[in-house]
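J.: Contents are TSV, C-alpha atoms and all ligand atoms; file name coords05.tsv:
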chain	number	residue	atom	x	y	z
W	1	MET	CA	-53.65	-91.36	23.75
W	2	LYS	CA	-53.02	-92.91	20.29
W	3	THR	CA	-56.13	-91.99	18.32
W	4	SER	CA	-55.35	-93.41	14.87
W	5	ASP	CA	-53.05	-95.73	12.99
W	6	LYS	CA	-50.91	-92.77	11.98
W	7	LYS	CA	-47.30	-92.83	13.13
W	8	THR	CA	-46.75	-90.42	16.01
W	9	ILE	CA	-43.65	-88.27	16.43
W	10	GLY	CA	-43.02	-86.37	19.66
W	11	ILE	CA	-41.01	-83.15	19.92
W	12	LEU	CA	-39.56	-81.53	23.02
W	13	THR	CA	-37.22	-78.60	23.63
W	14	SER	CA	-34.93	-78.74	26.66
W	15	GLY	CA	-32.23	-76.64	28.35
W	16	GLY	CA	-31.70	-72.93	27.75
W	17	ASP	CA	-33.80	-71.56	24.90
W	18	ALA	CA	-32.19	-70.28	21.71
W	19	PRO	CA	-33.39	-68.55	18.54
W	20	GLY	CA	-34.23	-71.18	15.92
W	21	LEU	CA	-36.06	-73.65	18.17
W	22	ASN	CA	-39.42	-72.78	16.62
W	23	ALA	CA	-37.96	-72.97	13.12
W	24	ALA	CA	-36.71	-76.49	13.90
W	25	ILE	CA	-40.07	-77.53	15.40
W	26	ARG	CA	-41.76	-76.26	12.23
W	27	GLY	CA	-39.27	-78.13	10.02
W	28	ILE	CA	-39.88	-81.44	11.81
W	29	ALA	CA	-43.65	-81.04	12.13
W	30	ARG	CA	-44.38	-79.81	8.59
W	31	THR	CA	-42.30	-82.60	7.02
W	32	ALA	CA	-43.81	-85.24	9.32
W	33	MET	CA	-47.35	-84.08	8.54
W	34	GLU	CA	-47.06	-83.17	4.87
W	35	GLU	CA	-44.65	-85.81	3.58
W	36	TYR	CA	-45.48	-88.72	5.85
W	37	GLY	CA	-48.98	-88.06	7.19
W	38	MET	CA	-47.71	-88.40	10.77
W	39	ARG	CA	-49.31	-87.09	13.89
W	40	VAL	CA	-47.08	-84.66	15.82
W	41	LEU	CA	-47.19	-84.38	19.57
W	42	GLY	CA	-45.67	-81.33	21.30
W	43	ILE	CA	-44.32	-82.17	24.75
W	44	LYS	CA	-44.37	-79.22	27.13
W	45	GLU	CA	-41.38	-77.83	29.03
W	46	GLY	CA	-38.74	-80.36	28.06
W	47	PHE	CA	-38.36	-83.65	29.90
W	48	ARG	CA	-40.61	-82.29	32.68
W	49	GLY	CA	-43.58	-82.60	30.31
W	50	LEU	CA	-42.68	-86.18	29.54
W	51	ILE	CA	-42.44	-87.00	33.24
W	52	ASP	CA	-45.78	-85.33	33.98
W	53	GLY	CA	-47.53	-86.53	30.81
W	54	ASN	CA	-48.04	-82.96	29.62
W	55	ALA	CA	-48.38	-82.91	25.82
W	56	GLU	CA	-50.69	-81.72	23.07
W	57	GLU	CA	-51.03	-82.47	19.40
W	58	ILE	CA	-49.48	-79.75	17.20
W	59	THR	CA	-51.80	-78.59	14.44
W	60	SER	CA	-50.67	-77.19	11.09
W	61	TYR	CA	-52.44	-73.95	12.06
W	62	GLU	CA	-49.99	-73.46	14.95
W	63	LEU	CA	-47.03	-73.77	12.60
W	64	ALA	CA	-48.01	-70.72	10.58
W	65	GLY	CA	-45.82	-67.73	11.42
W	66	LEU	CA	-43.57	-69.86	13.62
W	67	LEU	CA	-40.39	-69.72	11.55
W	68	THR	CA	-39.34	-66.25	12.62
W	69	ARG	CA	-40.45	-66.37	16.24
W	70	GLY	CA	-37.83	-66.54	19.02
W	71	GLY	CA	-38.10	-68.76	22.12
W	72	THR	CA	-39.91	-72.09	21.94
W	73	MET	CA	-43.64	-72.65	21.48
W	74	LEU	CA	-43.31	-75.77	23.66
W	75	GLY	CA	-41.61	-74.15	26.64
W	76	THR	CA	-38.43	-75.57	28.13
W	77	SER	CA	-36.89	-76.63	31.44
W	78	ARG	CA	-33.55	-77.81	32.73
W	79	GLU	CA	-35.06	-81.09	34.01
W	80	LYS	CA	-32.43	-83.87	34.15
W	81	PRO	CA	-34.37	-87.12	34.72
W	82	PHE	CA	-31.33	-89.37	35.18
W	83	LYS	CA	-29.98	-87.17	37.99
W	84	ASN	CA	-33.01	-87.90	40.19
W	85	PRO	CA	-33.52	-91.53	41.23
W	86	GLU	CA	-36.35	-90.66	43.72
W	87	LYS	CA	-39.77	-92.22	43.18
W	88	ASP	CA	-42.71	-89.82	43.06
W	89	PRO	CA	-44.91	-90.77	46.07
W	90	LYS	CA	-48.07	-90.25	43.97
W	91	THR	CA	-47.11	-92.40	40.97
W	92	GLY	CA	-44.50	-94.67	42.58
W	93	LYS	CA	-42.26	-94.02	39.58
W	94	THR	CA	-38.82	-92.46	39.15
W	95	PRO	CA	-38.61	-89.69	36.51
W	96	VAL	CA	-37.06	-92.12	34.01
W	97	GLU	CA	-39.79	-94.73	34.65
W	98	ALA	CA	-42.44	-92.02	34.20
W	99	ILE	CA	-40.86	-90.96	30.89
W	100	ILE	CA	-40.84	-94.52	29.55
W	101	SER	CA	-44.43	-95.06	30.65
W	102	ASN	CA	-45.67	-91.78	29.11
W	103	TYR	CA	-43.72	-92.42	25.90
W	104	LYS	CA	-45.73	-95.66	25.58
W	105	LYS	CA	-48.98	-94.06	26.69
W	106	PHE	CA	-48.62	-91.34	24.03
W	107	GLY	CA	-47.98	-94.04	21.42
W	108	LEU	CA	-44.76	-92.38	20.27
W	109	ASP	CA	-42.94	-93.99	17.36
W	110	ALA	CA	-40.12	-91.43	17.61
W	111	LEU	CA	-39.07	-88.61	19.90
W	112	CYS	CA	-37.05	-85.58	18.74
W	113	VAL	CA	-35.14	-83.86	21.54
W	114	LEU	CA	-33.94	-80.35	20.72
W	115	GLY	CA	-31.18	-79.11	22.95
W	116	GLY	CA	-27.54	-78.85	23.92
W	117	ASN	CA	-25.12	-81.12	25.79
W	118	GLY	CA	-27.45	-82.06	28.65
W	119	THR	CA	-30.40	-82.74	26.36
W	120	ASN	CA	-28.49	-84.91	23.92
W	121	THR	CA	-26.84	-86.78	26.81
W	122	THR	CA	-30.28	-87.50	28.29
W	123	GLY	CA	-31.46	-88.45	24.80
W	124	HIS	CA	-28.65	-90.97	24.53
W	125	LEU	CA	-29.51	-92.52	27.91
W	126	LEU	CA	-33.19	-92.76	26.92
W	127	TYR	CA	-32.19	-94.39	23.63
W	128	LYS	CA	-30.31	-96.98	25.67
W	129	GLU	CA	-33.57	-97.53	27.62
W	130	GLY	CA	-35.24	-98.46	24.33
W	131	LEU	CA	-36.83	-95.16	23.20
W	132	ASN	CA	-36.57	-94.06	19.55
W	133	ILE	CA	-34.63	-90.84	20.06
W	134	ILE	CA	-33.37	-88.32	17.51
W	135	GLY	CA	-31.32	-85.36	18.80
W	136	LEU	CA	-31.11	-81.87	17.30
W	137	PRO	CA	-28.20	-79.53	18.12
W	138	LYS	CA	-29.38	-76.27	19.70
W	139	THR	CA	-27.31	-73.91	21.81
W	140	ILE	CA	-26.02	-70.37	21.62
W	141	ASP	CA	-22.77	-71.74	23.08
W	142	ASN	CA	-21.96	-73.80	19.92
W	143	ASP	CA	-20.23	-76.35	22.15
W	144	LEU	CA	-21.71	-79.63	20.90
W	145	VAL	CA	-19.32	-82.14	19.39
W	146	GLY	CA	-20.24	-83.89	16.12
W	147	THR	CA	-21.59	-80.79	14.41
W	148	ASP	CA	-19.74	-77.84	12.92
W	149	VAL	CA	-22.34	-75.46	14.25
W	150	THR	CA	-25.50	-75.44	16.40
W	151	PHE	CA	-28.60	-73.38	15.69
W	152	GLY	CA	-28.98	-70.31	17.90
W	153	PHE	CA	-25.26	-69.60	17.83
W	154	HIS	CA	-25.20	-67.15	14.94
W	155	SER	CA	-28.21	-65.24	16.31
W	156	ALA	CA	-26.34	-64.77	19.59
W	157	VAL	CA	-23.17	-63.75	17.74
W	158	ASN	CA	-25.26	-61.15	15.94
W	159	VAL	CA	-26.64	-59.68	19.19
W	160	ALA	CA	-23.20	-59.59	20.82
W	161	THR	CA	-21.55	-58.07	17.74
W	162	GLU	CA	-24.13	-55.33	17.50
W	163	ALA	CA	-23.59	-54.56	21.19
W	164	ILE	CA	-19.81	-54.34	20.66
W	165	ASP	CA	-20.36	-52.00	17.69
W	166	ARG	CA	-22.48	-49.72	19.87
W	167	LEU	CA	-19.92	-49.79	22.67
W	168	HIS	CA	-17.18	-48.79	20.23
W	169	THR	CA	-18.72	-45.39	19.56
W	170	THR	CA	-19.27	-44.49	23.22
W	171	ALA	CA	-15.85	-45.89	24.20
W	172	HIS	CA	-14.30	-43.59	21.60
W	173	SER	CA	-16.21	-40.51	22.83
W	174	HIS	CA	-15.16	-41.01	26.46
W	175	ASN	CA	-11.68	-42.53	26.07
W	176	ARG	CA	-12.72	-45.53	28.13
W	177	ILE	CA	-12.06	-49.22	28.43
W	178	MET	CA	-15.36	-50.92	27.72
W	179	VAL	CA	-15.63	-54.44	29.11
W	180	ILE	CA	-18.42	-56.50	27.60
W	181	GLU	CA	-19.32	-59.84	29.19
W	182	VAL	CA	-20.89	-62.47	26.96
W	183	MET	CA	-22.23	-65.97	27.70
W	184	GLY	CA	-20.09	-69.09	27.58
W	185	HIS	CA	-19.19	-70.83	30.84
W	186	LYS	CA	-17.14	-73.68	29.46
W	187	ALA	CA	-16.52	-72.82	25.82
W	188	GLY	CA	-15.58	-69.46	24.32
W	189	TRP	CA	-17.07	-69.74	20.81
W	190	LEU	CA	-19.50	-66.87	21.29
W	191	GLY	CA	-16.88	-64.52	22.74
W	192	LEU	CA	-14.41	-65.50	20.02
W	193	TYR	CA	-16.77	-64.97	17.07
W	194	ALA	CA	-18.41	-61.81	18.39
W	195	GLY	CA	-15.03	-60.47	19.52
W	196	ILE	CA	-13.49	-60.97	16.10
W	197	ALA	CA	-16.60	-59.67	14.28
W	198	GLY	CA	-16.79	-56.59	16.51
W	199	GLY	CA	-13.04	-55.90	16.44
W	200	GLY	CA	-12.50	-56.49	20.17
W	201	ASP	CA	-9.02	-55.40	21.27
W	202	VAL	CA	-8.93	-58.09	23.93
W	203	ILE	CA	-10.87	-61.37	23.92
W	204	LEU	CA	-10.90	-63.55	27.03
W	205	ILE	CA	-12.30	-67.07	26.75
W	206	PRO	CA	-12.32	-70.01	29.22
W	207	GLU	CA	-9.87	-72.03	27.11
W	208	ILE	CA	-7.02	-69.45	27.38
W	209	PRO	CA	-6.18	-68.47	30.99
W	210	TYR	CA	-5.43	-64.77	31.17
W	211	ASN	CA	-2.77	-62.70	32.89
W	212	ILE	CA	-4.03	-59.23	33.82
W	213	ASN	CA	-0.53	-57.75	33.38
W	214	SER	CA	-0.35	-58.90	29.74
W	215	ILE	CA	-3.72	-57.26	29.06
W	216	SER	CA	-2.67	-54.02	30.81
W	217	ARG	CA	0.51	-53.86	28.74
W	218	HIS	CA	-1.54	-54.33	25.57
W	219	LEU	CA	-3.98	-51.54	26.52
W	220	LEU	CA	-1.23	-49.11	27.55
W	221	LYS	CA	0.57	-49.75	24.26
W	222	ARG	CA	-2.65	-48.89	22.43
W	223	LYS	CA	-2.82	-45.65	24.40
W	224	GLN	CA	0.78	-44.80	23.54
W	225	GLU	CA	-0.14	-45.29	19.89
W	226	GLY	CA	-2.88	-42.69	20.32
W	227	LYS	CA	-5.78	-45.17	20.64
W	228	ASN	CA	-7.46	-43.83	23.71
W	229	PHE	CA	-10.18	-46.43	24.05
W	230	SER	CA	-10.33	-50.22	24.08
W	231	ILE	CA	-12.95	-52.96	23.88
W	232	VAL	CA	-12.47	-56.01	26.09
W	233	VAL	CA	-14.74	-59.00	25.35
W	234	VAL	CA	-14.98	-61.41	28.29
W	235	ALA	CA	-16.75	-64.80	28.24
W	236	GLU	CA	-18.50	-65.49	31.56
W	237	GLY	CA	-16.27	-68.53	32.12
W	238	ALA	CA	-12.97	-66.71	31.48
W	239	LYS	CA	-10.38	-67.44	34.16
W	240	ASN	CA	-7.00	-66.11	35.18
W	241	LEU	CA	-3.85	-68.23	35.53
W	242	GLU	CA	-4.40	-68.88	39.25
W	243	GLU	CA	-8.01	-69.96	38.68
W	244	ALA	CA	-6.96	-72.24	35.83
W	245	ALA	CA	-4.81	-74.17	38.29
W	246	LEU	CA	-7.80	-74.88	40.60
W	247	SER	CA	-9.88	-78.04	40.57
W	248	LYS	CA	-13.34	-77.83	38.97
W	249	LYS	CA	-14.94	-77.84	42.43
W	250	GLU	CA	-12.64	-75.14	43.86
W	251	PHE	CA	-13.22	-72.94	40.81
W	252	LYS	CA	-17.01	-73.32	41.05
W	253	LYS	CA	-16.93	-72.39	44.76
W	254	LEU	CA	-14.70	-69.38	44.16
W	255	ARG	CA	-17.00	-68.05	41.46
W	256	SER	CA	-20.21	-68.61	43.42
W	257	ASP	CA	-18.66	-66.78	46.42
W	258	MET	CA	-17.67	-63.86	44.16
W	259	ASN	CA	-21.19	-62.31	44.08
W	260	TYR	CA	-20.46	-60.36	40.91
W	261	SER	CA	-19.65	-61.56	37.44
W	262	ILE	CA	-16.20	-61.79	35.89
W	263	GLY	CA	-16.62	-58.70	33.69
W	264	TYR	CA	-16.69	-56.48	36.80
W	265	ARG	CA	-13.54	-58.04	38.18
W	266	VAL	CA	-11.65	-57.65	34.91
W	267	ALA	CA	-12.75	-53.98	34.60
W	268	LYS	CA	-11.67	-53.20	38.17
W	269	GLU	CA	-8.30	-54.90	37.73
W	270	LEU	CA	-7.68	-53.12	34.43
W	271	GLU	CA	-8.65	-49.73	35.81
W	272	SER	CA	-6.21	-50.01	38.70
W	273	ALA	CA	-3.42	-51.48	36.54
W	274	THR	CA	-3.69	-48.90	33.72
W	275	GLY	CA	-5.30	-45.86	35.32
W	276	LEU	CA	-7.78	-45.82	32.41
W	277	GLU	CA	-11.47	-45.35	33.22
W	278	SER	CA	-13.42	-48.60	32.73
W	279	ARG	CA	-17.10	-49.49	32.34
W	280	VAL	CA	-18.89	-52.84	32.18
W	281	THR	CA	-21.81	-54.18	30.13
W	282	VAL	CA	-23.18	-57.66	30.87
W	283	LEU	CA	-25.25	-58.82	27.90
W	284	GLY	CA	-26.92	-61.76	29.69
W	285	TYR	CA	-30.19	-63.11	28.34
W	286	LEU	CA	-30.39	-60.58	25.51
W	287	GLN	CA	-28.15	-63.08	23.72
W	288	ARG	CA	-30.81	-65.79	23.88
W	289	GLY	CA	-33.83	-63.67	23.05
W	290	GLY	CA	-35.44	-62.38	19.90
W	291	THR	CA	-35.86	-63.54	16.37
W	292	PRO	CA	-33.36	-65.94	14.75
W	293	VAL	CA	-31.01	-64.58	12.07
W	294	PRO	CA	-31.53	-66.00	8.55
W	295	TYR	CA	-28.60	-68.42	8.96
W	296	ASP	CA	-30.26	-70.02	12.01
W	297	ARG	CA	-33.68	-70.15	10.34
W	298	VAL	CA	-32.17	-72.00	7.39
W	299	LEU	CA	-30.02	-74.30	9.53
W	300	ALA	CA	-32.84	-75.16	11.96
W	301	THR	CA	-35.19	-75.87	9.02
W	302	ARG	CA	-32.65	-78.15	7.32
W	303	LEU	CA	-31.97	-80.04	10.57
W	304	GLY	CA	-35.68	-80.33	11.40
W	305	VAL	CA	-36.59	-81.65	7.93
W	306	HIS	CA	-33.74	-84.19	8.12
W	307	ALA	CA	-34.90	-85.34	11.58
W	308	ALA	CA	-38.41	-86.04	10.24
W	309	HIS	CA	-36.97	-88.09	7.35
W	310	MET	CA	-34.91	-90.06	9.88
W	311	ALA	CA	-38.02	-90.71	11.98
W	312	ALA	CA	-39.86	-91.96	8.88
W	313	ARG	CA	-37.11	-94.41	7.97
W	314	GLY	CA	-36.53	-95.50	11.58
W	315	GLU	CA	-33.03	-94.10	12.03
W	316	PHE	CA	-32.64	-93.56	15.77
W	317	GLY	CA	-30.00	-93.01	18.45
W	318	LYS	CA	-28.42	-90.21	16.43
W	319	MET	CA	-28.14	-86.43	16.48
W	320	VAL	CA	-28.74	-84.53	13.27
W	321	ALA	CA	-25.66	-82.45	12.51
W	322	VAL	CA	-23.96	-80.30	9.91
W	323	GLN	CA	-20.48	-81.18	8.72
W	324	ASN	CA	-18.76	-79.35	5.87
W	325	GLU	CA	-22.07	-77.70	4.90
W	326	THR	CA	-23.78	-81.09	4.58
W	327	ILE	CA	-26.57	-82.29	6.85
W	328	CYS	CA	-25.81	-85.70	8.35
W	329	ALA	CA	-26.39	-87.68	11.55
W	330	VAL	CA	-23.89	-88.71	14.24
W	331	PRO	CA	-24.41	-91.39	16.93
W	332	LEU	CA	-25.64	-89.84	20.19
W	333	GLU	CA	-23.00	-91.95	21.89
W	334	GLU	CA	-20.31	-89.73	20.33
W	335	VAL	CA	-22.03	-86.53	21.50
W	336	SER	CA	-23.09	-87.61	24.98
W	337	GLY	CA	-21.18	-86.08	27.90
W	338	GLN	CA	-18.80	-84.14	25.64
W	339	ILE	CA	-18.09	-80.42	25.29
W	340	LYS	CA	-16.54	-78.91	22.18
W	341	LYS	CA	-14.03	-76.34	23.38
W	342	VAL	CA	-12.13	-73.84	21.28
W	343	PRO	CA	-8.78	-75.43	20.37
W	344	PHE	CA	-5.83	-73.29	21.46
W	345	ASP	CA	-4.55	-73.20	17.88
W	346	HIS	CA	-7.94	-72.55	16.26
W	347	GLU	CA	-7.66	-70.69	12.97
W	348	LEU	CA	-9.78	-67.82	14.31
W	349	ILE	CA	-7.47	-67.35	17.29
W	350	LYS	CA	-4.51	-67.23	14.93
W	351	ALA	CA	-6.40	-64.73	12.74
W	352	GLY	CA	-7.18	-62.60	15.81
W	353	ARG	CA	-3.54	-62.61	16.89
W	354	ALA	CA	-2.52	-61.67	13.35
W	355	VAL	CA	-4.70	-58.55	13.44
W	356	GLY	CA	-3.42	-57.54	16.87
W	357	THR	CA	-6.06	-58.96	19.23
W	358	CYS	CA	-4.82	-59.84	22.70
W	359	PHE	CA	-6.17	-63.13	24.14
W	360	GLY	CA	-4.90	-62.36	27.62
W	361	ASP	CA	-1.94	-64.77	27.54
W	401	LIG	O1	-27.85	-71.91	26.93
W	401	LIG	C1	-26.53	-71.85	27.36
W	401	LIG	C2	-26.37	-70.76	28.34
W	401	LIG	O2	-26.81	-69.65	27.68
W	401	LIG	C3	-24.98	-70.49	28.91
W	401	LIG	O3	-24.09	-69.77	28.12
W	401	LIG	C4	-25.33	-69.77	30.19
W	401	LIG	O4	-24.31	-69.79	31.10
W	401	LIG	C5	-26.52	-70.54	30.65
W	401	LIG	O5	-27.16	-70.97	29.47
W	401	LIG	C6	-27.43	-69.82	31.59
W	401	LIG	O6	-28.72	-70.30	31.50
W	401	LIG	P1	-29.87	-70.37	32.60
W	401	LIG	O7	-29.72	-69.21	33.50
W	401	LIG	O8	-31.11	-70.35	31.78
W	401	LIG	O9	-29.70	-71.67	33.30
Take the structure in the file and write it out as structure tokens.
T.:
Amino acid sequence: MKTSDKKTIGILTSGGDAPGLNAAIRGIARTAMEEYGMRVLGIKEGFRGLIDGNAEEITSYELAGLLTRGGTMLGTSREKPFKNPEKDPKTGKTPVEAIISNYKKFGLDALCVLGGNGTNTTGHLLYKEGLNIIGLPKTIDNDLVGTDVTFGFHSAVNVATEAIDRLHTTAHSHNRIMVIEVMGHKAGWLGLYAGIAGGGDVILIPEIPYNINSISRHLLKRKQEGKNFSIVVVAEGAKNLEEAALSKKEFKKLRSDMNYSIGYRVAKELESATGLESRVTVLGYLQRGGTPVPYDRVLATRLGVHAAHMAARGEFGKMVAVQNETICAVPLEEVSGQIKKVPFDHELIKAGRAVGTCFGD
């Protein structure tokens, strides 16, 4: 597949999509082509494309107009090659063996993997197998360690904040409790930021187990003060005190047996505890769709450009990151298998408490 002596850099996007992926692809590809004369190969649908040998050269024509586009031009999948040790009967190879063989067949000198925890963990394992991997931090959940922020996060915060703003007006008109459920199974960054930005009266995140009675007291106090409506922001992974005491396995089973999402349960419990009419909005995939906000376009571009420079100088086994406003790179080993949760004493939680937000505890 190598057609010239040019260096070849591969790019893939893996895991849930997020606004800013295309901006990052453009940042890597433009720099690689323009500054280093490299050939850029786009691998389709994450690690699945590398297993199947599904890739195409990216042309500079395709990069035009890409910066502002949501989603990913390469497609994505949640393929986890190291979780499947089975050999494909047709090729006789395991997914990891197929990846290594296609990496060589494509003549890759470097491979940029754009994704969240799972992607960068896989990237680290592939680096240990001898591939020249560079990770980029993408997720609306903002839960990657080693970087202050991930691209996609601020676009999702924007969507969720706008939704909370809209709910405020209708909550006010009807004197209702409006429960809004946002993404975030393990980490509550999105709920925390959007909740603070939208002036949520209650914010429930996975890191702070909630007690429904504390929330009810808070809402009834608001009513006594003449505030007849309330906004309750709930992360999808929020849990009550009893659930927090369960093992990971027990909790997972309980939630999969529930058949409805947490926002509905919280609304029902609050309605019966307070007597106040409650409604639910589940934002779901709206938070991952659409065009990236300017912050994410800029961040993804900076990270992508830096990744191409790293590929040119042969700096591998690292994830590009931002720390204190400066772009840097951290060893994938430090990122792999980790989740950055909201610390209980985070400054934003303290700020929320100071302005009267209830965190359910
Ligand atoms: O990308 C992260 C995330 O958005 C989580 O917050 C969410 O729980 C999950 O992806 C759902 O993604 P999917 O349904 O695409 O697997």
J.: Please measure the separation of CA of Cys328 in chain W and CA of Gly146 in chain W, giving the value in Å to one decimal.
T.: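 Computed distance, CA of Cys328 in chain W to CA of Gly146 in chain W, equals 9.7 Å.
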J.: Would you mind telling me which residue in W:Ile262, W:Met183, W:Leu144, W:Ala312 lies nearest to ligand LIG 401 (chain W) when using all atoms listed in the file?
T.: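 Nearest to ligand LIG 401 (chain W): W:Met183.
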J.: Provide an axis-aligned box for all listed atoms of range 197-209 of chain W, padding each side by 6 Å; report its centre and its edge lengths in Å to one decimal, as JSON.
T.:
{"center_x": -11.5, "center_y": -63.7, "center_z": 22.6, "size_x": 22.6, "size_y": 28.6, "size_z": 28.7}
J.: Give me the residues near Asp109 in chain W as a PyMOL selection string, where near means some atom within 12 Å (using all atoms listed in the file) and where sequence neighbours in that chain fewer than 2 positions away do not count.
T.: chain W and resi 2+5-11+32+38-41+103-107+111-112+130-134+308+310-316
J.: Between atom O8 of ligand LIG 401 (chain W) and CA of Lys268 in chain W, what is the distance, to one decimal in Å?
T.: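 Value for the atom O8 of ligand LIG 401 (chain W)-CA of Lys268 in chain W distance: 26.7 Å.
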J.: Taking a cut-off of 6 Å and counting all atoms listed in the file, can you build a table that, for each residue of range 139-182 of chain W near range 217-233 of chain W, reports the nearest atom pair and how far apart they are in Å (one decimal), sorted by chain then residue number, as a tab-separated table?
T.:
residue	atom	partner	partner_atom	distance
W:Ala171	CA	W:Phe229	CA	5.7
W:His172	CA	W:Phe229	CA	5.6
W:Asn175	CA	W:Phe229	CA	4.6
W:Arg176	CA	W:Phe229	CA	4.9
W:Ile177	CA	W:Ser230	CA	4.8
W:Met178	CA	W:Ile231	CA	5.0
W:Val179	CA	W:Val232	CA	4.6
W:Ile180	CA	W:Val233	CA	5.0
J.: With all atoms listed in the file as the counted atoms, please give the residues lying no more than 10 Å from Asn142 in chain W, apart from itself and same-chain residues fewer than 5 positions off, as a ChimeraX atom specification.
T.: /W:116-117,137,147-154,184,187-190,339-342
J.: Would you output that residue set with C-alpha atoms, as a PDB file, in the coordinates of the input?
T.:
ATOM      1  CA  GLY W 116     -27.540 -78.850  23.920  1.00  0.00           C
ATOM      2  CA  ASN W 117     -25.120 -81.120  25.790  1.00  0.00           C
ATOM      3  CA  PRO W 137     -28.200 -79.530  18.120  1.00  0.00           C
ATOM      4  CA  THR W 147     -21.590 -80.790  14.410  1.00  0.00           C
ATOM      5  CA  ASP W 148     -19.740 -77.840  12.920  1.00  0.00           C
ATOM      6  CA  VAL W 149     -22.340 -75.460  14.250  1.00  0.00           C
ATOM      7  CA  THR W 150     -25.500 -75.440  16.400  1.00  0.00           C
ATOM      8  CA  PHE W 151     -28.600 -73.380  15.690  1.00  0.00           C
ATOM      9  CA  GLY W 152     -28.980 -70.310  17.900  1.00  0.00           C
ATOM     10  CA  PHE W 153     -25.260 -69.600  17.830  1.00  0.00           C
ATOM     11  CA  HIS W 154     -25.200 -67.150  14.940  1.00  0.00           C
ATOM     12  CA  GLY W 184     -20.090 -69.090  27.580  1.00  0.00           C
ATOM     13  CA  ALA W 187     -16.520 -72.820  25.820  1.00  0.00           C
ATOM     14  CA  GLY W 188     -15.580 -69.460  24.320  1.00  0.00           C
ATOM     15  CA  TRP W 189     -17.070 -69.740  20.810  1.00  0.00           C
ATOM     16  CA  LEU W 190     -19.500 -66.870  21.290  1.00  0.00           C
ATOM     17  CA  ILE W 339     -18.090 -80.420  25.290  1.00  0.00           C
ATOM     18  CA  LYS W 340     -16.540 -78.910  22.180  1.00  0.00           C
ATOM     19  CA  LYS W 341     -14.030 -76.340  23.380  1.00  0.00           C
ATOM     20  CA  VAL W 342     -12.130 -73.840  21.280  1.00  0.00           C
TER      21      VAL W 342
END
J.: Taking the structure in the block just given, could you write range 276-280 of chain W with all heavy atoms, as a PDB file, in the first residue's frame?
T.:
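File produced: out-v1.pdb:
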ATOM      1  N   LEU W 276     -44.889  18.482  44.385  1.00  0.00           N
ATOM      2  CA  LEU W 276     -44.742  19.438  43.279  1.00  0.00           C
ATOM      3  C   LEU W 276     -44.727  18.671  41.948  1.00  0.00           C
ATOM      4  O   LEU W 276     -44.069  17.626  41.833  1.00  0.00           O
ATOM      5  CB  LEU W 276     -43.428  20.228  43.421  1.00  0.00           C
ATOM      6  CG  LEU W 276     -43.279  21.037  44.719  1.00  0.00           C
ATOM      7  CD1 LEU W 276     -41.841  21.520  44.908  1.00  0.00           C
ATOM      8  CD2 LEU W 276     -44.224  22.228  44.682  1.00  0.00           C
ATOM      9  N   GLU W 277     -45.420  19.210  40.970  1.00  0.00           N
ATOM     10  CA  GLU W 277     -45.485  18.552  39.660  1.00  0.00           C
ATOM     11  C   GLU W 277     -44.086  18.520  39.024  1.00  0.00           C
ATOM     12  O   GLU W 277     -43.373  19.523  39.026  1.00  0.00           O
ATOM     13  CB  GLU W 277     -46.448  19.337  38.761  1.00  0.00           C
ATOM     14  CG  GLU W 277     -46.838  18.578  37.530  1.00  0.00           C
ATOM     15  CD  GLU W 277     -47.870  19.352  36.699  1.00  0.00           C
ATOM     16  OE1 GLU W 277     -47.759  20.593  36.592  1.00  0.00           O
ATOM     17  OE2 GLU W 277     -48.762  18.703  36.161  1.00  0.00           O
ATOM     18  N   SER W 278     -43.725  17.348  38.463  1.00  0.00           N
ATOM     19  CA  SER W 278     -42.380  17.202  37.889  1.00  0.00           C
ATOM     20  C   SER W 278     -42.441  16.714  36.457  1.00  0.00           C
ATOM     21  O   SER W 278     -43.326  15.930  36.086  1.00  0.00           O
ATOM     22  CB  SER W 278     -41.567  16.186  38.704  1.00  0.00           C
ATOM     23  OG  SER W 278     -41.553  16.559  40.050  1.00  0.00           O
ATOM     24  N   ARG W 279     -41.489  17.145  35.657  1.00  0.00           N
ATOM     25  CA  ARG W 279     -41.348  16.703  34.262  1.00  0.00           C
ATOM     26  C   ARG W 279     -39.888  16.355  33.991  1.00  0.00           C
ATOM     27  O   ARG W 279     -38.995  16.858  34.675  1.00  0.00           O
ATOM     28  CB  ARG W 279     -41.782  17.802  33.292  1.00  0.00           C
ATOM     29  CG  ARG W 279     -43.268  18.101  33.313  1.00  0.00           C
ATOM     30  CD  ARG W 279     -44.058  16.979  32.641  1.00  0.00           C
ATOM     31  NE  ARG W 279     -45.450  17.340  32.484  1.00  0.00           N
ATOM     32  CZ  ARG W 279     -46.411  17.127  33.371  1.00  0.00           C
ATOM     33  NH1 ARG W 279     -46.117  16.547  34.523  1.00  0.00           N
ATOM     34  NH2 ARG W 279     -47.648  17.480  33.117  1.00  0.00           N
ATOM     35  N   VAL W 280     -39.680  15.510  32.979  1.00  0.00           N
ATOM     36  CA  VAL W 280     -38.317  15.034  32.695  1.00  0.00           C
ATOM     37  C   VAL W 280     -37.928  15.336  31.246  1.00  0.00           C
ATOM     38  O   VAL W 280     -38.732  15.165  30.333  1.00  0.00           O
ATOM     39  CB  VAL W 280     -38.220  13.495  32.883  1.00  0.00           C
ATOM     40  CG1 VAL W 280     -36.778  13.005  32.717  1.00  0.00           C
ATOM     41  CG2 VAL W 280     -38.778  13.075  34.214  1.00  0.00           C
TER      42      VAL W 280
END
